[in-house]
Amino acid sequence: MSQQQVDEETPLLRPVQQHKARTPLPWRQFSIILFLQLAEPLTSQVITPFAPQLIRDIGITDGDETRVGYYVGLMHSLFFATQALTVLHWSRISDHIGRKPVILTGLFGLSISMYCFGLSRSFSGLVLSRALNGALNGNIGVIKSMMVEITDSPSSLAQAYAYMPIAWSSGGTIGPLIGGSLSRPADRFPNIFGDSQFLKTYPYFLPCAVPATFSILAWIVTFLFLQETVPTRVTLWSLLKGESREHSIPVKGTMTPTGLTDSLSTEDTSQRAKTDHSKPLPLRSLLIPRVIIAAGNYAALSFLDIAFRAVQPLFFATPLELGGLGLDPPQIGNILAIYGVINGLFQVFFFADLHDRFGSKTIYSVSMAAGIPMIITLPLLNAVARVQGLSLMVWAIVGLQLALSMILNLGYSCVFIYIAAASPNQASLGATNGIAQLGVSIARAIGPASATSMFSLSIENPDHAWMVYYYLIALVCIGICISLLLPRQLWKSHRS
């Protein structure tokens with residue numbers, strides 16, 4: 001009791017410092033960033049419904065249905081493979097020339113590549129279009145850097161990251177609807193498009209043109225309304241000549257909250273105080289333990305997530321006797337659309353409060369652990385459906401699977417906060433996000449192909465029926481082990 005009285009007599013400034021009120025988000029710029037983020041999931045998800053039929057139509061499989069999945073997986077992985085080659089460079093360039101020029105280039109690349117994809121009539125054309133899409137698009141890491149730069153505290157950053165799933169969930173919901181509804185329009189809507197020889201020749205151009213045109217609209221919005229957040233920058237020509245931001249002048253109209261770097265960092269304060277916060281650090285100086293740990297956790301989470309997302313629709317579509325659930329495409333689309341909407345709303349309304357109460361480490365650890373029961377629901381669904389058919393119990397387990405998936409997705413916002421805190425200084429934030437995104441792009445290039453290959457092996461050989469589930473559970477265990485390296489308190493830097 002005496003200890004409690006001592007605590008009560010302590011000056012009341014301590015709880016105020018520990019529980020600072022959230023600073024309101026700059027909604028005008030923040031809403032523009034969310035709008036820009038919608039372009040990427042739209043362009044990546046719009047091809048999902050018609051990709052198998054597109055592969056059949058171009059004749060690359062010679063009628064062999066067992067090869068369709070291989071080429072579809074290859075097409076999806078190409079984007080991330082080429083992105084892995086360039087994303088770090090785009091992020092580092094944005095630290096010097098500014099975020100806005102890089103975002104404009106990325107949106108231009110998304111638009112051109114999607115138009116080309118819709119006009120492709122050979123597999124080589126599809127490959128080049130997807131490669132162009134990934135190579136020119138470095139927006140993921142750059143936009144995350146901007147989100148950090150327009151917020152001014154960890155609590156505000158948690159609130160900002162809580163809204164990120166809105167764009168991805170919306171794109172993940174709207175994209176497949178566009179792809180499924182507008183593919184082969186001359187056949188589906190003969191009264192409207194039946195006389196269009198162009199759409200008969202290029203039956204997948206229309207669904208590709210919608211996200212491509214949206215990217216053009218996003219480019220215009222960015223050019224006219226998005227404010228630069230890098231306070232000083234150099235021109236691309238000056239950067240090519242070897243000049244850096246130390247020779248640059250401040251940019252008028254930049255939007256950079258004060259104290260952001262201070263509010264997101266905690267260890268080695270004396271050493272961090274000596275850091276030149278106005279100058280991007282060389283790549284070697286960024287490869288420090290905290291950056292590697294944060295990036296490694298991001299890659300592990302992304303690998304697990306995209307591997308499961310690749311297997312889930314295949315499982316739903318695979319016949320019951322082969323180990324799946326035997327659902328038709330509309331049912332699968334409805335399940336994924338419902339998940340997209342609910343997941344976005346859950347993140348928006350609950351993540352910031354959960355983060356304030358439990359912290360990044362606890363939420364991230366729980367989200368990774370949720371992967372194990374989420375994966376176990378797959379064979380459980382098949383076992384129950386074999387006995388009861390598509391009963392109420394089956395749909396309840398599907399609901400449980402979606403709920404566990406939402407918990408898994410909480411980990412993304414937490415790891416984004418760790419990555420922001422890991423940056424050695426404010427000027428190297430783009431490069432830090434680029435390093436993290438490089439690992440994720442590699443993981444996402446390997447994840448779908450490896451997981452779908454394991455799934456194919458599992459259904460081809462009854463003796464290996466559980467191999468894909470062992471593989472996915474192994475990914476969860478690796479993620480849990482890597483998460484143990486994350487500190488309970490965010491890394492901190494010198495406070496001025």
# chains A, B, ... in the order shown; residues from 1 in each chain; ligands from 1
call {"tool": "residues_around", "arguments": {"residues": "region 385-391 of chain A", "least_positions_apart": "6", "cutoff": "8 Å", "atoms": "only C-alpha atoms", "output": "PyMOL selection string"}}
result
chain A and resi 320-321+325
call {"tool": "closest_atom_pairs", "arguments": {"of": "region 394-444 of chain A", "to": "region 331-353 of chain A", "cutoff": "8 Å", "atoms": "only C-alpha atoms", "output": "CSV"}}
result
residue,atom,partner,partner_atom,distance
A:Leu402,CA,A:Tyr339,CA,6.3
A:Met406,CA,A:Asn343,CA,5.5
A:Leu410,CA,A:Gln347,CA,7.1
call {"tool": "write_last_selection", "arguments": {"atoms": "N, CA and C atoms", "output": "mmCIF file, in the first residue's frame"}}
result
data_model
loop_
_atom_site.group_PDB
_atom_site.id
_atom_site.type_symbol
_atom_site.label_atom_id
_atom_site.label_comp_id
_atom_site.auth_asym_id
_atom_site.auth_seq_id
_atom_site.Cartn_x
_atom_site.Cartn_y
_atom_site.Cartn_z
ATOM 1 N N LEU A 402 -11.464 -17.229 -41.873
ATOM 2 C CA LEU A 402 -11.380 -15.814 -42.235
ATOM 3 C C LEU A 402 -11.042 -14.955 -41.018
ATOM 4 N N MET A 406 -7.741 -12.536 -40.468
ATOM 5 C CA MET A 406 -7.744 -11.128 -40.057
ATOM 6 C C MET A 406 -6.735 -10.894 -38.940
ATOM 7 N N LEU A 410 -3.114 -8.433 -38.829
ATOM 8 C CA LEU A 410 -2.730 -7.401 -37.864
ATOM 9 C C LEU A 410 -1.212 -7.253 -37.802
#
call {"tool": "residues_around", "arguments": {"residues": "region 469-473 of chain A", "least_positions_apart": "5", "cutoff": "9 Å", "atoms": "only C-alpha atoms", "output": "PDB file with all heavy atoms, in the first residue's frame"}}
result
ATOM      1  N   LEU A 304       4.499 -16.238 -45.627  1.00  0.00           N
ATOM      2  CA  LEU A 304       3.401 -17.061 -45.119  1.00  0.00           C
ATOM      3  C   LEU A 304       2.068 -16.605 -45.689  1.00  0.00           C
ATOM      4  O   LEU A 304       1.263 -17.423 -46.161  1.00  0.00           O
ATOM      5  CB  LEU A 304       3.373 -16.990 -43.591  1.00  0.00           C
ATOM      6  CG  LEU A 304       2.122 -17.572 -42.917  1.00  0.00           C
ATOM      7  CD1 LEU A 304       2.008 -19.063 -43.187  1.00  0.00           C
ATOM      8  CD2 LEU A 304       2.151 -17.282 -41.417  1.00  0.00           C
ATOM      9  N   ALA A 307       1.723 -17.292 -49.514  1.00  0.00           N
ATOM     10  CA  ALA A 307       1.643 -18.732 -49.758  1.00  0.00           C
ATOM     11  C   ALA A 307       0.252 -19.255 -49.412  1.00  0.00           C
ATOM     12  O   ALA A 307      -0.338 -20.045 -50.172  1.00  0.00           O
ATOM     13  CB  ALA A 307       2.707 -19.467 -48.933  1.00  0.00           C
ATOM     14  N   PHE A 308      -0.290 -18.793 -48.291  1.00  0.00           N
ATOM     15  CA  PHE A 308      -1.640 -19.223 -47.911  1.00  0.00           C
ATOM     16  C   PHE A 308      -2.670 -18.680 -48.890  1.00  0.00           C
ATOM     17  O   PHE A 308      -3.617 -19.395 -49.260  1.00  0.00           O
ATOM     18  CB  PHE A 308      -1.949 -18.748 -46.486  1.00  0.00           C
ATOM     19  CG  PHE A 308      -3.330 -19.147 -46.026  1.00  0.00           C
ATOM     20  CD1 PHE A 308      -3.576 -20.428 -45.579  1.00  0.00           C
ATOM     21  CD2 PHE A 308      -4.377 -18.232 -46.042  1.00  0.00           C
ATOM     22  CE1 PHE A 308      -4.847 -20.804 -45.166  1.00  0.00           C
ATOM     23  CE2 PHE A 308      -5.645 -18.594 -45.618  1.00  0.00           C
ATOM     24  CZ  PHE A 308      -5.879 -19.890 -45.181  1.00  0.00           C
ATOM     25  N   GLY A 371      -1.444 -18.246 -37.364  1.00  0.00           N
ATOM     26  CA  GLY A 371      -1.269 -18.947 -38.628  1.00  0.00           C
ATOM     27  C   GLY A 371      -1.448 -20.457 -38.514  1.00  0.00           C
ATOM     28  O   GLY A 371      -1.917 -21.106 -39.462  1.00  0.00           O
ATOM     29  N   ILE A 372      -1.096 -21.038 -37.365  1.00  0.00           N
ATOM     30  CA  ILE A 372      -1.188 -22.493 -37.223  1.00  0.00           C
ATOM     31  C   ILE A 372      -2.637 -22.971 -37.250  1.00  0.00           C
ATOM     32  O   ILE A 372      -2.995 -23.834 -38.071  1.00  0.00           O
ATOM     33  CB  ILE A 372      -0.459 -22.953 -35.948  1.00  0.00           C
ATOM     34  CG1 ILE A 372       1.050 -22.724 -36.105  1.00  0.00           C
ATOM     35  CG2 ILE A 372      -0.750 -24.430 -35.656  1.00  0.00           C
ATOM     36  CD1 ILE A 372       1.869 -23.116 -34.898  1.00  0.00           C
ATOM     37  N   ILE A 375      -4.180 -22.596 -40.784  1.00  0.00           N
ATOM     38  CA  ILE A 375      -3.812 -23.620 -41.766  1.00  0.00           C
ATOM     39  C   ILE A 375      -4.525 -24.939 -41.470  1.00  0.00           C
ATOM     40  O   ILE A 375      -4.968 -25.642 -42.382  1.00  0.00           O
ATOM     41  CB  ILE A 375      -2.287 -23.808 -41.759  1.00  0.00           C
ATOM     42  CG1 ILE A 375      -1.608 -22.542 -42.306  1.00  0.00           C
ATOM     43  CG2 ILE A 375      -1.876 -25.020 -42.578  1.00  0.00           C
ATOM     44  CD1 ILE A 375      -0.141 -22.444 -41.990  1.00  0.00           C
ATOM     45  N   ILE A 376      -4.673 -25.281 -40.200  1.00  0.00           N
ATOM     46  CA  ILE A 376      -5.330 -26.538 -39.832  1.00  0.00           C
ATOM     47  C   ILE A 376      -6.787 -26.553 -40.275  1.00  0.00           C
ATOM     48  O   ILE A 376      -7.366 -27.624 -40.517  1.00  0.00           O
ATOM     49  CB  ILE A 376      -5.195 -26.770 -38.311  1.00  0.00           C
ATOM     50  CG1 ILE A 376      -3.723 -27.031 -37.960  1.00  0.00           C
ATOM     51  CG2 ILE A 376      -6.049 -27.931 -37.843  1.00  0.00           C
ATOM     52  CD1 ILE A 376      -3.462 -27.170 -36.476  1.00  0.00           C
ATOM     53  N   LEU A 378      -7.883 -25.929 -43.114  1.00  0.00           N
ATOM     54  CA  LEU A 378      -7.993 -26.447 -44.480  1.00  0.00           C
ATOM     55  C   LEU A 378      -8.291 -27.946 -44.510  1.00  0.00           C
ATOM     56  O   LEU A 378      -9.324 -28.359 -45.069  1.00  0.00           O
ATOM     57  CB  LEU A 378      -6.724 -26.112 -45.264  1.00  0.00           C
ATOM     58  CG  LEU A 378      -6.470 -24.627 -45.539  1.00  0.00           C
ATOM     59  CD1 LEU A 378      -5.101 -24.431 -46.176  1.00  0.00           C
ATOM     60  CD2 LEU A 378      -7.552 -24.047 -46.439  1.00  0.00           C
ATOM     61  N   PRO A 379      -7.438 -28.798 -43.922  1.00  0.00           N
ATOM     62  CA  PRO A 379      -7.799 -30.227 -43.922  1.00  0.00           C
ATOM     63  C   PRO A 379      -9.041 -30.516 -43.092  1.00  0.00           C
ATOM     64  O   PRO A 379      -9.776 -31.474 -43.389  1.00  0.00           O
ATOM     65  CB  PRO A 379      -6.556 -30.898 -43.324  1.00  0.00           C
ATOM     66  CG  PRO A 379      -5.868 -29.834 -42.544  1.00  0.00           C
ATOM     67  CD  PRO A 379      -6.134 -28.557 -43.292  1.00  0.00           C
ATOM     68  N   ALA A 451       4.147 -22.758 -52.941  1.00  0.00           N
ATOM     69  CA  ALA A 451       2.963 -23.267 -52.242  1.00  0.00           C
ATOM     70  C   ALA A 451       2.035 -24.027 -53.191  1.00  0.00           C
ATOM     71  O   ALA A 451       1.520 -25.098 -52.848  1.00  0.00           O
ATOM     72  CB  ALA A 451       2.221 -22.107 -51.578  1.00  0.00           C
ATOM     73  N   MET A 454       3.509 -27.376 -54.004  1.00  0.00           N
ATOM     74  CA  MET A 454       3.278 -28.308 -52.907  1.00  0.00           C
ATOM     75  C   MET A 454       1.838 -28.811 -52.904  1.00  0.00           C
ATOM     76  O   MET A 454       1.571 -29.996 -52.645  1.00  0.00           O
ATOM     77  CB  MET A 454       3.596 -27.632 -51.569  1.00  0.00           C
ATOM     78  CG  MET A 454       5.074 -27.487 -51.282  1.00  0.00           C
ATOM     79  SD  MET A 454       5.836 -29.090 -50.945  1.00  0.00           S
ATOM     80  CE  MET A 454       7.511 -28.560 -50.576  1.00  0.00           C
ATOM     81  N   PHE A 455       0.904 -27.926 -53.214  1.00  0.00           N
ATOM     82  CA  PHE A 455      -0.502 -28.320 -53.249  1.00  0.00           C
ATOM     83  C   PHE A 455      -0.742 -29.334 -54.370  1.00  0.00           C
ATOM     84  O   PHE A 455      -1.450 -30.328 -54.182  1.00  0.00           O
ATOM     85  CB  PHE A 455      -1.390 -27.093 -53.442  1.00  0.00           C
ATOM     86  CG  PHE A 455      -2.860 -27.383 -53.356  1.00  0.00           C
ATOM     87  CD1 PHE A 455      -3.494 -27.500 -52.128  1.00  0.00           C
ATOM     88  CD2 PHE A 455      -3.614 -27.554 -54.507  1.00  0.00           C
ATOM     89  CE1 PHE A 455      -4.856 -27.773 -52.041  1.00  0.00           C
ATOM     90  CE2 PHE A 455      -4.977 -27.825 -54.442  1.00  0.00           C
ATOM     91  CZ  PHE A 455      -5.589 -27.938 -53.201  1.00  0.00           C
ATOM     92  N   ILE A 478       8.867 -20.788 -38.646  1.00  0.00           N
ATOM     93  CA  ILE A 478      10.000 -19.912 -38.959  1.00  0.00           C
ATOM     94  C   ILE A 478       9.674 -18.473 -38.591  1.00  0.00           C
ATOM     95  O   ILE A 478      10.487 -17.752 -38.000  1.00  0.00           O
ATOM     96  CB  ILE A 478      10.355 -20.027 -40.454  1.00  0.00           C
ATOM     97  CG1 ILE A 478      10.920 -21.418 -40.754  1.00  0.00           C
ATOM     98  CG2 ILE A 478      11.364 -18.949 -40.852  1.00  0.00           C
ATOM     99  CD1 ILE A 478      11.121 -21.689 -42.228  1.00  0.00           C
TER     100      ILE A 478
END
call {"tool": "residues_around", "arguments": {"residues": "Phe223 (chain A)", "least_positions_apart": "2", "cutoff": "12 Å", "atoms": "only C-alpha atoms", "output": "ChimeraX atom specification"}}
result
/A:32,36,99-105,107-108,216-221,225-228
call {"tool": "write_last_selection", "arguments": {"atoms": "C-alpha atoms", "output": "CSV table (one decimal), in the first residue's frame"}}
result
chain,number,residue,atom,x,y,z
A,32,ILE,CA,-4.5,11.0,-51.2
A,36,LEU,CA,-2.8,6.1,-54.6
A,99,ARG,CA,8.9,10.8,-53.0
A,100,LYS,CA,6.6,12.4,-55.6
A,101,PRO,CA,8.7,11.8,-58.7
A,102,VAL,CA,9.2,8.1,-57.9
A,103,ILE,CA,5.4,7.7,-57.2
A,104,LEU,CA,4.6,9.4,-60.5
A,105,THR,CA,7.0,7.0,-62.3
A,107,LEU,CA,1.9,5.0,-61.5
A,108,PHE,CA,3.0,5.5,-65.1
A,216,ILE,CA,-3.7,7.5,-64.9
A,217,LEU,CA,-6.3,9.3,-62.7
A,218,ALA,CA,-4.0,8.6,-59.7
A,219,TRP,CA,-1.1,10.1,-61.6
A,220,ILE,CA,-3.0,13.3,-62.2
A,221,VAL,CA,-4.1,13.5,-58.5
A,225,PHE,CA,-2.3,17.7,-55.1
A,226,LEU,CA,0.2,15.5,-53.3
A,227,GLN,CA,2.8,17.4,-51.3
A,228,GLU,CA,6.4,16.4,-51.2
call {"tool": "closest_residue", "arguments": {"among": "A:His464, A:Lys144, A:His96, A:Arg284", "to": "Ser413 (chain A)", "atoms": "only C-alpha atoms"}}
result
A:Lys144
call {"tool": "closest_residue", "arguments": {"among": "A:Ala158, A:Leu485, A:Ala422, A:Leu327", "to": "Leu287 (chain A)", "atoms": "only C-alpha atoms"}}
result
A:Ala422
call {"tool": "atom_distance", "arguments": {"atom1": "CA of Lys361 (chain A)", "atom2": "CA of Pro165 (chain A)"}}
result
19.5 Å
call {"tool": "residues_around", "arguments": {"residues": "region 113-120 of chain A", "least_positions_apart": "2", "cutoff": "8 Å", "atoms": "only C-alpha atoms", "output": "VMD selection string"}}
result
chain A and resid 43 109 to 111 122 to 123 125 to 126 129 to 130 132 to 133 202 204 to 209 211 to 212
